[in-house]
$ cat start-v4.tsv   # TSV, C-alpha atoms and all ligand atoms
chain	number	residue	atom	x	y	z
A	619	MET	CA	7.38	44.68	14.49
A	620	SER	CA	6.68	41.10	13.55
A	621	GLN	CA	5.18	40.54	10.14
A	622	PRO	CA	2.06	38.43	9.67
A	623	PRO	CA	2.76	35.19	7.84
A	624	ALA	CA	2.83	35.46	4.07
A	625	VAL	CA	-0.55	34.82	2.57
A	626	ASN	CA	-0.37	31.51	0.79
A	627	GLU	CA	-3.01	30.81	-1.76
A	628	LEU	CA	-3.66	27.38	-0.21
A	629	SER	CA	-3.31	28.41	3.41
A	630	ALA	CA	-7.02	28.08	4.22
A	631	VAL	CA	-7.04	24.50	2.88
A	632	MET	CA	-5.61	21.87	5.20
A	633	ASN	CA	-2.33	20.58	4.02
A	634	VAL	CA	-3.08	16.87	3.50
A	635	TYR	CA	-2.28	16.47	-0.18
A	636	ASN	CA	0.86	16.80	-2.28
A	637	ARG	CA	-0.53	18.62	-5.27
A	638	PHE	CA	0.61	18.80	-8.86
A	639	PRO	CA	1.73	22.29	-9.90
A	640	ILE	CA	-1.17	22.85	-12.31
A	641	THR	CA	-4.79	23.83	-11.73
A	642	LEU	CA	-7.43	22.16	-13.86
A	643	ILE	CA	-10.56	24.13	-14.62
A	644	ARG	CA	-12.32	22.23	-17.40
A	645	GLY	CA	-12.60	18.69	-18.75
A	646	LYS	CA	-14.21	16.90	-21.67
A	647	GLY	CA	-13.72	13.30	-22.72
A	648	SER	CA	-10.08	12.23	-22.25
A	649	TYR	CA	-8.85	15.82	-21.89
A	650	VAL	CA	-8.53	18.47	-19.20
A	651	TRP	CA	-7.46	22.12	-19.47
A	652	ASP	CA	-5.51	24.20	-16.97
A	653	GLU	CA	-5.93	27.88	-16.08
A	654	ALA	CA	-3.56	28.96	-18.81
A	655	GLY	CA	-5.58	27.04	-21.39
A	656	LYS	CA	-3.03	24.23	-21.78
A	657	LYS	CA	-4.64	20.93	-22.77
A	658	TYR	CA	-3.65	17.60	-21.20
A	659	LEU	CA	-4.49	14.01	-22.04
A	660	ASP	CA	-5.76	12.66	-18.71
A	661	PHE	CA	-4.57	9.11	-18.05
A	662	THR	CA	-5.67	9.22	-14.40
A	663	SER	CA	-9.45	9.70	-14.84
A	664	GLY	CA	-9.56	11.55	-11.52
A	665	ILE	CA	-8.03	8.42	-9.91
A	666	ALA	CA	-10.23	5.79	-11.59
A	667	THR	CA	-13.33	7.88	-11.11
A	668	CYS	CA	-14.24	9.60	-14.39
A	669	SER	CA	-14.30	6.26	-16.21
A	670	LEU	CA	-16.50	7.54	-19.04
A	671	GLY	CA	-14.18	10.52	-19.52
A	672	HIS	CA	-14.83	14.02	-18.23
A	673	VAL	CA	-18.39	15.39	-18.35
A	674	PRO	CA	-19.83	12.51	-20.41
A	675	ASP	CA	-22.85	13.75	-22.40
A	676	THR	CA	-25.38	11.13	-21.38
A	677	VAL	CA	-24.61	11.40	-17.65
A	678	GLN	CA	-24.60	15.20	-17.92
A	679	ASP	CA	-28.04	15.18	-19.58
A	680	LYS	CA	-29.58	12.93	-16.95
A	681	LEU	CA	-27.99	14.84	-14.08
A	682	THR	CA	-29.20	18.14	-15.53
A	683	GLU	CA	-32.72	16.75	-15.73
A	684	GLN	CA	-32.50	15.48	-12.15
A	685	LEU	CA	-31.10	18.84	-10.98
A	686	ALA	CA	-34.34	20.43	-12.10
A	687	THR	CA	-36.47	17.76	-10.41
A	688	LEU	CA	-35.31	16.71	-6.91
A	689	TRP	CA	-31.89	16.85	-5.26
A	690	HIS	CA	-32.45	15.36	-1.85
A	691	CYS	CA	-35.36	14.03	0.16
A	692	SER	CA	-33.60	11.83	2.80
A	693	ASN	CA	-33.93	8.12	3.36
A	694	LEU	CA	-37.14	8.65	5.31
A	695	PHE	CA	-38.68	8.24	1.88
A	696	THR	CA	-38.47	5.63	-0.82
A	697	ILE	CA	-36.16	6.87	-3.55
A	698	PRO	CA	-37.10	5.31	-6.90
A	699	GLU	CA	-33.66	5.95	-8.47
A	700	GLN	CA	-32.12	4.07	-5.54
A	701	LYS	CA	-34.34	1.03	-6.03
A	702	ASN	CA	-33.55	1.08	-9.68
A	703	LEU	CA	-29.74	1.24	-9.29
A	704	ALA	CA	-29.80	-1.39	-6.52
A	705	ASN	CA	-31.80	-3.72	-8.76
A	706	ARG	CA	-29.36	-3.32	-11.60
A	707	LEU	CA	-26.27	-3.81	-9.43
A	708	SER	CA	-27.74	-7.00	-7.97
A	709	GLN	CA	-28.86	-8.26	-11.36
A	710	HIS	CA	-25.33	-7.89	-12.73
A	711	SER	CA	-23.46	-9.23	-9.68
A	712	CYS	CA	-23.53	-12.26	-7.38
A	713	CYS	CA	-25.01	-10.11	-4.60
A	714	ASP	CA	-28.68	-9.41	-3.81
A	715	GLN	CA	-28.95	-6.18	-1.85
A	716	VAL	CA	-27.22	-2.81	-1.81
A	717	PHE	CA	-26.53	-0.11	0.79
A	718	PHE	CA	-25.64	3.28	-0.69
A	719	CYS	CA	-23.20	5.80	0.75
A	720	ASN	CA	-20.97	8.55	-0.61
A	721	SER	CA	-17.39	7.27	-0.70
A	722	GLY	CA	-15.17	4.23	-0.70
A	723	ALA	CA	-14.22	4.44	2.97
A	724	GLU	CA	-17.91	4.57	3.90
A	725	ALA	CA	-18.62	1.52	1.75
A	726	ASN	CA	-15.90	-0.42	3.59
A	727	GLU	CA	-17.14	0.88	6.96
A	728	ALA	CA	-20.56	-0.55	6.09
A	729	ALA	CA	-19.00	-3.89	5.08
A	730	ILE	CA	-17.01	-4.07	8.33
A	731	LYS	CA	-20.11	-3.36	10.44
A	732	LEU	CA	-22.15	-5.91	8.48
A	733	ALA	CA	-19.49	-8.61	8.98
A	734	LYS	CA	-19.55	-8.13	12.76
A	735	LYS	CA	-23.33	-8.16	12.95
A	736	PHE	CA	-23.47	-11.26	10.74
A	737	ALA	CA	-21.21	-13.22	13.11
A	738	LYS	CA	-23.35	-12.22	16.06
A	739	ASP	CA	-26.56	-13.19	14.25
A	740	GLN	CA	-25.00	-16.57	13.40
A	741	GLY	CA	-24.53	-17.17	17.12
A	742	LYS	CA	-20.76	-16.69	16.90
A	743	PRO	CA	-20.13	-13.45	18.79
A	744	GLU	CA	-16.52	-14.50	19.39
A	745	ARG	CA	-15.89	-13.98	15.68
A	746	LYS	CA	-15.19	-10.26	15.59
A	747	GLU	CA	-11.98	-10.06	13.62
A	748	ILE	CA	-11.49	-9.13	9.99
A	749	VAL	CA	-8.42	-10.24	8.06
A	750	THR	CA	-6.83	-7.80	5.59
A	751	PHE	CA	-3.56	-8.02	3.67
A	752	HIS	CA	-0.18	-6.29	3.69
A	753	GLN	CA	0.04	-3.28	1.36
A	754	SER	CA	-3.74	-3.05	1.10
A	755	PHE	CA	-5.65	0.21	0.97
A	756	HIS	CA	-9.19	0.45	2.31
A	757	GLY	CA	-9.65	4.12	3.21
A	758	ARG	CA	-8.74	6.93	5.60
A	759	THR	CA	-11.43	6.92	8.28
A	760	GLY	CA	-10.54	5.60	11.73
A	761	THR	CA	-11.72	2.07	11.02
A	762	THR	CA	-10.78	1.77	7.35
A	763	MET	CA	-7.31	3.14	8.18
A	764	ALA	CA	-7.03	0.29	10.67
A	765	ALA	CA	-8.15	-2.12	7.94
A	766	THR	CA	-5.39	-0.76	5.71
A	767	ALA	CA	-2.32	-2.85	6.47
A	768	GLN	CA	0.31	-0.18	5.86
A	769	GLU	CA	2.52	1.08	8.65
A	770	LYS	CA	2.96	4.53	7.08
A	771	ILE	CA	-0.80	5.15	7.07
A	772	HIS	CA	-1.13	4.24	10.77
A	773	GLN	CA	1.82	6.30	11.94
A	774	GLY	CA	0.85	9.07	14.34
A	775	PHE	CA	-2.75	7.93	14.71
A	776	GLU	CA	-2.33	5.42	17.49
A	777	PRO	CA	-4.24	3.84	19.11
A	778	ILE	CA	-5.32	2.09	15.92
A	779	ALA	CA	-8.85	0.65	16.03
A	780	PRO	CA	-8.79	-3.04	17.05
A	781	GLY	CA	-10.46	-5.91	15.21
A	782	PHE	CA	-8.11	-6.38	12.25
A	783	ARG	CA	-5.47	-8.99	11.61
A	784	TYR	CA	-2.98	-8.59	8.78
A	785	LEU	CA	-1.63	-11.41	6.61
A	786	PRO	CA	0.74	-11.41	3.62
A	787	PHE	CA	-0.94	-10.98	0.20
A	788	ASN	CA	-0.59	-13.75	-2.42
A	789	ASP	CA	0.95	-16.06	0.19
A	790	GLN	CA	-0.39	-19.64	0.09
A	791	ASN	CA	1.10	-20.50	3.50
A	792	ALA	CA	-0.68	-17.64	5.21
A	793	LEU	CA	-4.09	-19.02	4.23
A	794	THR	CA	-4.04	-21.60	7.03
A	795	GLN	CA	-4.05	-18.66	9.45
A	796	ILE	CA	-7.31	-17.21	8.11
A	797	ASP	CA	-9.50	-19.22	10.45
A	798	ASN	CA	-8.25	-18.83	14.01
A	799	GLY	CA	-11.73	-19.17	15.49
A	800	LYS	CA	-12.11	-15.40	15.80
A	801	THR	CA	-12.43	-14.37	12.16
A	802	THR	CA	-15.75	-13.24	10.71
A	803	ALA	CA	-14.54	-11.93	7.35
A	804	VAL	CA	-11.69	-11.32	4.95
A	805	LEU	CA	-11.49	-7.99	3.13
A	806	VAL	CA	-9.30	-8.11	0.03
A	807	GLU	CA	-8.51	-6.09	-3.10
A	808	LEU	CA	-8.33	-8.27	-6.23
A	809	ILE	CA	-5.76	-5.87	-7.59
A	810	GLN	CA	-4.06	-3.83	-4.89
A	811	GLY	CA	-4.34	-0.34	-6.37
A	812	GLU	CA	-2.68	2.21	-4.07
A	813	GLY	CA	-0.29	-0.48	-2.83
A	814	GLY	CA	1.51	-0.65	-6.21
A	815	VAL	CA	-0.90	-2.33	-8.66
A	816	HIS	CA	-0.44	-5.93	-7.53
A	817	PRO	CA	-3.01	-8.40	-8.89
A	818	ALA	CA	-4.05	-11.29	-6.69
A	819	GLU	CA	-2.80	-14.61	-8.05
A	820	GLN	CA	-5.58	-16.76	-9.46
A	821	ASP	CA	-4.69	-19.89	-7.42
A	822	TRP	CA	-4.33	-17.88	-4.26
A	823	ILE	CA	-7.70	-16.16	-4.56
A	824	LEU	CA	-9.45	-19.48	-5.26
A	825	ALA	CA	-7.77	-21.05	-2.25
A	826	LEU	CA	-8.70	-18.02	-0.17
A	827	GLN	CA	-12.35	-18.46	-1.15
A	828	GLU	CA	-12.17	-22.14	-0.22
A	829	HIS	CA	-10.73	-21.38	3.21
A	830	CYS	CA	-13.47	-18.82	3.80
A	831	GLN	CA	-16.27	-21.14	2.69
A	832	LYS	CA	-15.06	-23.99	4.90
A	833	ALA	CA	-15.29	-21.86	8.04
A	834	ASP	CA	-18.27	-19.71	6.95
A	835	ILE	CA	-16.02	-16.65	6.92
A	836	LEU	CA	-17.29	-13.87	4.64
A	837	LEU	CA	-15.26	-13.13	1.53
A	838	MET	CA	-15.50	-9.37	1.06
A	839	VAL	CA	-13.85	-7.80	-1.98
A	840	ASP	CA	-12.92	-4.14	-2.06
A	841	GLU	CA	-13.71	-3.26	-5.68
A	842	ILE	CA	-13.66	0.47	-5.04
A	843	GLN	CA	-10.91	0.91	-7.62
A	844	THR	CA	-11.31	-2.26	-9.70
A	845	GLY	CA	-15.11	-2.20	-10.01
A	846	ILE	CA	-17.48	-0.70	-12.59
A	847	GLY	CA	-15.65	-1.69	-15.74
A	848	ARG	CA	-12.14	-0.60	-14.76
A	849	THR	CA	-10.64	-4.04	-15.40
A	850	GLY	CA	-12.69	-4.85	-18.50
A	851	THR	CA	-15.58	-6.62	-16.76
A	852	LEU	CA	-18.22	-4.86	-14.69
A	853	PHE	CA	-16.57	-6.32	-11.57
A	854	ALA	CA	-13.02	-7.66	-11.37
A	855	TYR	CA	-14.15	-10.71	-9.37
A	856	GLU	CA	-15.80	-12.12	-12.52
A	857	GLN	CA	-12.33	-12.70	-13.96
A	858	PHE	CA	-11.17	-14.62	-10.88
A	859	GLY	CA	-13.99	-17.16	-10.89
A	860	ILE	CA	-15.11	-16.35	-7.35
A	861	LYS	CA	-18.44	-15.28	-5.85
A	862	PRO	CA	-17.79	-12.87	-3.00
A	863	ASP	CA	-20.31	-12.42	-0.18
A	864	VAL	CA	-19.77	-8.66	-0.05
A	865	ILE	CA	-18.55	-6.16	-2.67
A	866	THR	CA	-17.67	-2.53	-2.02
A	867	LEU	CA	-17.79	0.10	-4.77
A	868	ALA	CA	-17.24	3.81	-5.15
A	869	LYS	CA	-14.77	5.52	-7.49
A	870	GLY	CA	-16.11	4.77	-10.98
A	871	LEU	CA	-19.74	4.29	-9.99
A	872	GLY	CA	-20.88	7.88	-10.50
A	873	SER	CA	-18.57	9.01	-13.33
A	874	GLY	CA	-17.09	11.56	-10.90
A	875	PHE	CA	-20.22	12.27	-8.88
A	876	PRO	CA	-19.68	10.91	-5.33
A	877	VAL	CA	-21.42	7.53	-4.91
A	878	GLY	CA	-20.44	4.60	-2.73
A	879	ALA	CA	-22.11	1.21	-2.41
A	880	MET	CA	-21.85	-1.96	-0.36
A	881	LEU	CA	-23.40	-5.04	-1.98
A	882	ALA	CA	-24.09	-8.26	-0.10
A	883	LYS	CA	-25.65	-11.65	-0.62
A	884	GLY	CA	-29.16	-11.87	0.81
A	885	ARG	CA	-28.37	-14.10	3.80
A	886	VAL	CA	-25.62	-11.67	4.85
A	887	ALA	CA	-27.53	-8.46	4.07
A	888	ALA	CA	-30.32	-9.73	6.34
A	889	SER	CA	-28.15	-8.78	9.33
A	890	PHE	CA	-28.82	-5.12	8.57
A	891	GLN	CA	-32.23	-4.03	9.83
A	892	PRO	CA	-33.78	-0.59	10.30
A	893	GLY	CA	-31.50	1.21	12.74
A	894	SER	CA	-28.39	-0.89	11.96
A	895	HIS	CA	-26.79	1.62	9.64
A	896	GLY	CA	-27.48	4.75	7.64
A	897	SER	CA	-26.24	7.82	5.81
A	898	THR	CA	-27.88	11.22	5.34
A	899	PHE	CA	-26.72	11.73	1.78
A	900	GLY	CA	-26.34	8.05	0.82
A	901	GLY	CA	-28.42	7.09	-2.20
A	902	ASN	CA	-29.78	10.58	-2.89
A	903	PRO	CA	-31.56	11.13	-6.23
A	904	LEU	CA	-28.64	13.00	-7.81
A	905	ALA	CA	-26.06	10.35	-6.91
A	906	MET	CA	-28.38	7.54	-8.00
A	907	THR	CA	-29.00	9.26	-11.32
A	908	ALA	CA	-25.25	9.57	-11.88
A	909	GLY	CA	-24.83	5.87	-11.05
A	910	GLY	CA	-27.71	4.79	-13.26
A	911	ALA	CA	-26.51	6.85	-16.21
A	912	THR	CA	-23.00	5.42	-15.80
A	913	LEU	CA	-24.31	1.85	-15.86
A	914	ASP	CA	-26.41	2.66	-18.94
A	915	VAL	CA	-23.17	3.20	-20.87
A	916	MET	CA	-21.13	0.42	-19.27
A	917	LEU	CA	-23.81	-2.18	-19.93
A	918	GLU	CA	-24.25	-1.28	-23.57
A	919	LYS	CA	-23.48	-4.30	-25.70
A	920	GLU	CA	-19.81	-4.28	-26.79
A	921	PHE	CA	-18.74	-1.47	-24.40
A	922	LEU	CA	-16.75	-3.64	-21.99
A	923	HIS	CA	-15.67	-5.93	-24.79
A	924	GLU	CA	-14.06	-2.94	-26.47
A	925	VAL	CA	-12.37	-1.91	-23.21
A	926	THR	CA	-10.70	-5.33	-23.08
A	927	GLU	CA	-9.65	-5.12	-26.70
A	928	LYS	CA	-8.06	-1.68	-26.22
A	929	SER	CA	-6.46	-2.75	-22.97
A	930	ASN	CA	-4.87	-5.78	-24.65
A	931	TRP	CA	-3.33	-3.48	-27.24
A	932	LEU	CA	-2.03	-1.11	-24.55
A	933	PHE	CA	-0.49	-3.96	-22.52
A	934	GLU	CA	1.22	-5.24	-25.65
A	935	ALA	CA	2.58	-1.78	-26.49
A	936	LEU	CA	3.86	-1.37	-22.92
A	937	GLN	CA	5.43	-4.82	-23.05
A	938	ASN	CA	7.28	-3.71	-26.19
A	939	LEU	CA	8.60	-0.66	-24.35
A	940	LYS	CA	9.72	-2.96	-21.54
A	941	ASP	CA	11.61	-5.10	-24.04
A	942	ASN	CA	13.34	-2.02	-25.43
A	943	PHE	CA	14.15	-0.13	-22.26
A	944	GLU	CA	15.79	-1.60	-19.20
A	945	GLY	CA	14.33	1.18	-17.08
A	946	ILE	CA	10.98	-0.61	-17.18
A	947	LYS	CA	11.00	-3.52	-14.77
A	948	ASP	CA	7.43	-4.79	-14.90
A	949	VAL	CA	4.05	-4.10	-16.46
A	950	ARG	CA	1.05	-5.41	-14.51
A	951	GLY	CA	-2.65	-4.99	-13.84
A	952	LYS	CA	-5.84	-5.69	-15.76
A	953	GLY	CA	-8.01	-3.67	-18.13
A	954	PHE	CA	-7.26	0.00	-17.61
A	955	LEU	CA	-5.74	-0.33	-14.15
A	956	ILE	CA	-2.09	-0.58	-15.10
A	957	GLY	CA	1.10	-0.37	-13.06
A	958	ILE	CA	4.48	0.10	-14.66
A	959	GLU	CA	7.37	-0.56	-12.31
A	960	VAL	CA	10.40	1.56	-13.16
A	961	ASP	CA	14.02	1.52	-12.15
A	962	GLY	CA	14.03	4.95	-10.57
A	963	ASN	CA	11.71	7.57	-9.19
A	964	ALA	CA	8.23	7.28	-10.72
A	965	ALA	CA	7.37	10.85	-9.63
A	966	GLU	CA	10.05	12.17	-12.03
A	967	LEU	CA	8.40	10.30	-14.86
A	968	VAL	CA	5.06	11.81	-13.90
A	969	SER	CA	6.61	15.31	-14.27
A	970	ALA	CA	8.16	14.39	-17.60
A	971	PHE	CA	4.76	13.25	-18.87
A	972	ARG	CA	3.09	16.40	-17.59
A	973	ASP	CA	5.61	18.61	-19.40
A	974	LYS	CA	4.59	16.79	-22.56
A	975	GLY	CA	0.87	17.27	-21.92
A	976	ILE	CA	-0.10	13.91	-20.41
A	977	ILE	CA	-1.26	13.37	-16.83
A	978	VAL	CA	-0.36	10.08	-15.12
A	979	LEU	CA	0.17	9.15	-11.46
A	980	THR	CA	2.16	6.86	-9.19
A	981	ALA	CA	1.34	3.98	-6.87
A	982	GLY	CA	4.31	4.00	-4.51
A	983	GLN	CA	7.80	5.30	-5.32
A	984	GLN	CA	8.68	3.03	-8.22
A	985	VAL	CA	5.36	2.40	-9.88
A	986	LEU	CA	3.80	4.56	-12.54
A	987	ARG	CA	0.03	4.05	-12.50
A	988	ILE	CA	-2.13	4.75	-15.51
A	989	LEU	CA	-5.91	4.77	-15.40
A	990	PRO	CA	-7.13	5.94	-18.81
A	991	PRO	CA	-10.84	6.61	-19.22
A	992	LEU	CA	-12.58	3.44	-20.45
A	993	THR	CA	-13.70	5.54	-23.42
A	994	VAL	CA	-10.10	6.32	-24.49
A	995	SER	CA	-9.60	6.29	-28.26
A	996	TRP	CA	-7.01	4.25	-30.17
A	997	GLU	CA	-5.40	7.49	-31.28
A	998	GLU	CA	-5.07	8.71	-27.67
A	999	MET	CA	-3.46	5.42	-26.65
A	1000	ARG	CA	-1.00	5.69	-29.54
A	1001	ALA	CA	-0.19	9.28	-28.48
A	1002	PHE	CA	0.50	8.04	-24.94
A	1003	ILE	CA	2.83	5.27	-26.13
A	1004	HIS	CA	4.60	7.65	-28.51
A	1005	THR	CA	5.26	10.12	-25.66
A	1006	PHE	CA	6.35	7.34	-23.28
A	1007	ASN	CA	8.81	6.11	-25.88
A	1008	GLU	CA	10.13	9.64	-26.33
A	1009	ILE	CA	10.62	10.14	-22.56
A	1010	LEU	CA	12.39	6.79	-22.22
A	1011	ALA	CA	14.63	7.50	-25.22
A	1012	GLU	CA	15.60	10.93	-23.87
A	1013	GLY	CA	15.89	10.19	-20.22
A	1014	GLU	CA	17.83	8.31	-17.64
A	1015	TYR	CA	15.35	5.45	-17.89
A	1016	ASN	CA	17.12	4.42	-21.06
A	1017	LYS	CA	19.65	1.89	-19.82
A	1018	PRO	CA	20.15	-0.56	-22.66
B	1	LIG	C1	-9.85	4.87	-3.18
B	1	LIG	C2	-10.00	3.60	-2.46
B	1	LIG	C3	-10.64	3.54	-1.19
B	1	LIG	C4	-11.12	4.78	-0.47
B	1	LIG	O1	-12.11	5.46	-1.17
B	1	LIG	P1	-12.51	6.95	-0.71
B	1	LIG	O2	-13.65	7.31	-1.62
B	1	LIG	O3	-11.31	7.81	-0.90
B	1	LIG	O4	-12.92	6.88	0.72
B	1	LIG	C5	-10.79	2.29	-0.60
B	1	LIG	N1	-10.34	1.17	-1.19
B	1	LIG	C6	-9.74	1.18	-2.39
B	1	LIG	C7	-9.29	-0.09	-3.01
B	1	LIG	C8	-9.54	2.40	-3.06
B	1	LIG	O5	-8.90	2.41	-4.24

$ encode --input "start-v4.tsv" --output "structure tokens"
Amino acid sequence: MSQPPAVNELSAVMNVYNRFPITLIRGKGSYVWDEAGKKYLDFTSGIATCSLGHVPDTVQDKLTEQLATLWHCSNLFTIPEQKNLANRLSQHSCCDQVFFCNSGAEANEAAIKLAKKFAKDQGKPERKEIVTFHQSFHGRTGTTMAATAQEKIHQGFEPIAPGFRYLPFNDQNALTQIDNGKTTAVLVELIQGEGGVHPAEQDWILALQEHCQKADILLMVDEIQTGIGRTGTLFAYEQFGIKPDVITLAKGLGSGFPVGAMLAKGRVAASFQPGSHGSTFGGNPLAMTAGGATLDVMLEKEFLHEVTEKSNWLFEALQNLKDNFEGIKDVRGKGFLIGIEVDGNAAELVSAFRDKGIIVLTAGQQVLRILPPLTVSWEEMRAFIHTFNEILAEGEYNKP
């Protein structure tokens, strides 16, 4: 008689993630605890999401209050928390209006739709194409996967949605190809996160903006990972001296509560009218409360200033490790979005850290990615550097 397949604990969950061999059940501040009660210093922040640490008190209080008041009423009604968060995001950015959704991919979907409608409204229906860049990451839905210029993400899902053209990132020569008469927008990450933590070069991004402005092509920045304080300013674009037409946000916006947003300048946002776009859950009172409470902390005087100060220290400490260990090839990023390129398999380093009670992640095979909570303490940063030094001194990464 044939036996039924062995019952696997995860068998009812679709197998789309490689998971770490620990199960986290509780978090507070910079720490998480697994089922066995082991405590870990979390230098991933739920992939740049829990930027104020786990279960931050002020967000928890406001969410608890909102939980007892109203969860959902649909966008058939005016939602005061939505107006409030939209006002604050426009006040603190170069954009004027906000569409709310629930994830990063949805925010980019909204941006892509808006760019097409904008071209049509400008009387240029032939401009339907959006330019994205090699090694980018813009999401996993049908359209955002097509926007993502990575072969391995497309594989098996052909036909890939049309309407995207891919150019090399940080390549001055490629900029002349931006305007081919068919382009309505450029969608770009200012620091490619999933693609290996590659910051855009200052000159290149300025030249990109110039090319866009000349041809009235929209400059859309995907700040889903870099936004909401992650790089030391509320938005990363502030540090590049540009003024994008569209900004997409998600990860850090709700401190771990799902919130996505697409911001646009007024003349562009005007292309969305009732019926153009929508989302059942987008901008619900709970999500808006999480977003508002997150901004309350981020916009406190000195908060982001302190993030930059701590980040400078961490970069310096990592640079010292690089000087001492040949196994470290490069340290790059901004604020608390940091990539450390290693000579070897970054996943092995991730395991070594985990064994020593610190959670970190990768961005590609050779890049260790660390995303500490913006509220990380000096002591926690010192503990991280101490452990990193220990791992490098013990391991095969030590090649003096
Ligand atoms: C995470 C991420 C996305 C996708 O966000 P989801 O919420 O997973 O849909 C898109 N762009 C960038 C830059 C990201 O880091």

$ residues_near_ligand --input "start-v4.tsv" --ligand "ligand LIG 1 (chain B)" --cutoff "6 Å" --atoms "all atoms listed in the file" --output "list in words"
Ser721, Gly722, Ala723, Phe755, His756, Gly757, Gly811, Asp840, Ile842 and Gln843 of chain A

$ closest_residue --input "start-v4.tsv" --among "A:Val677, A:Val634, A:Ile778, A:Ala868" --to "Ala908 (chain A)" --atoms "all atoms listed in the file"
A:Val677

$ residues_around --input "start-v4.tsv" --residues "region 847-852 of chain A" --least-positions-apart "2" --cutoff "6 Å" --atoms "all atoms listed in the file" --output "tab-separated table (two decimals) with C-alpha atoms, in the frame of the given file"
chain	number	residue	atom	x	y	z
A	844	THR	CA	-11.31	-2.26	-9.70
A	845	GLY	CA	-15.11	-2.20	-10.01
A	854	ALA	CA	-13.02	-7.66	-11.37
A	922	LEU	CA	-16.75	-3.64	-21.99
A	925	VAL	CA	-12.37	-1.91	-23.21
A	926	THR	CA	-10.70	-5.33	-23.08
A	952	LYS	CA	-5.84	-5.69	-15.76
A	953	GLY	CA	-8.01	-3.67	-18.13
A	954	PHE	CA	-7.26	0.00	-17.61

$ atom_distance --input "start-v4.tsv" --atom1 "CA of Lys861 (chain A)" --atom2 "CA of His710 (chain A)"
12.2 Å

$ atom_distance --input "start-v4.tsv" --atom1 "CA of Leu808 (chain A)" --atom2 "CA of Glu998 (chain A)"
27.5 Å

$ atom_distance --input "start-v4.tsv" --atom1 "CA of Tyr855 (chain A)" --atom2 "CA of Ser711 (chain A)"
9.4 Å

$ residues_near_point --input "start-v4.tsv" --point "(-6.2, 6.0, -15.5)" --cutoff "7 Å" --atoms "all atoms listed in the file" --output "PyMOL selection string"
chain A and resi 661-663+665-666+954-955+988-991
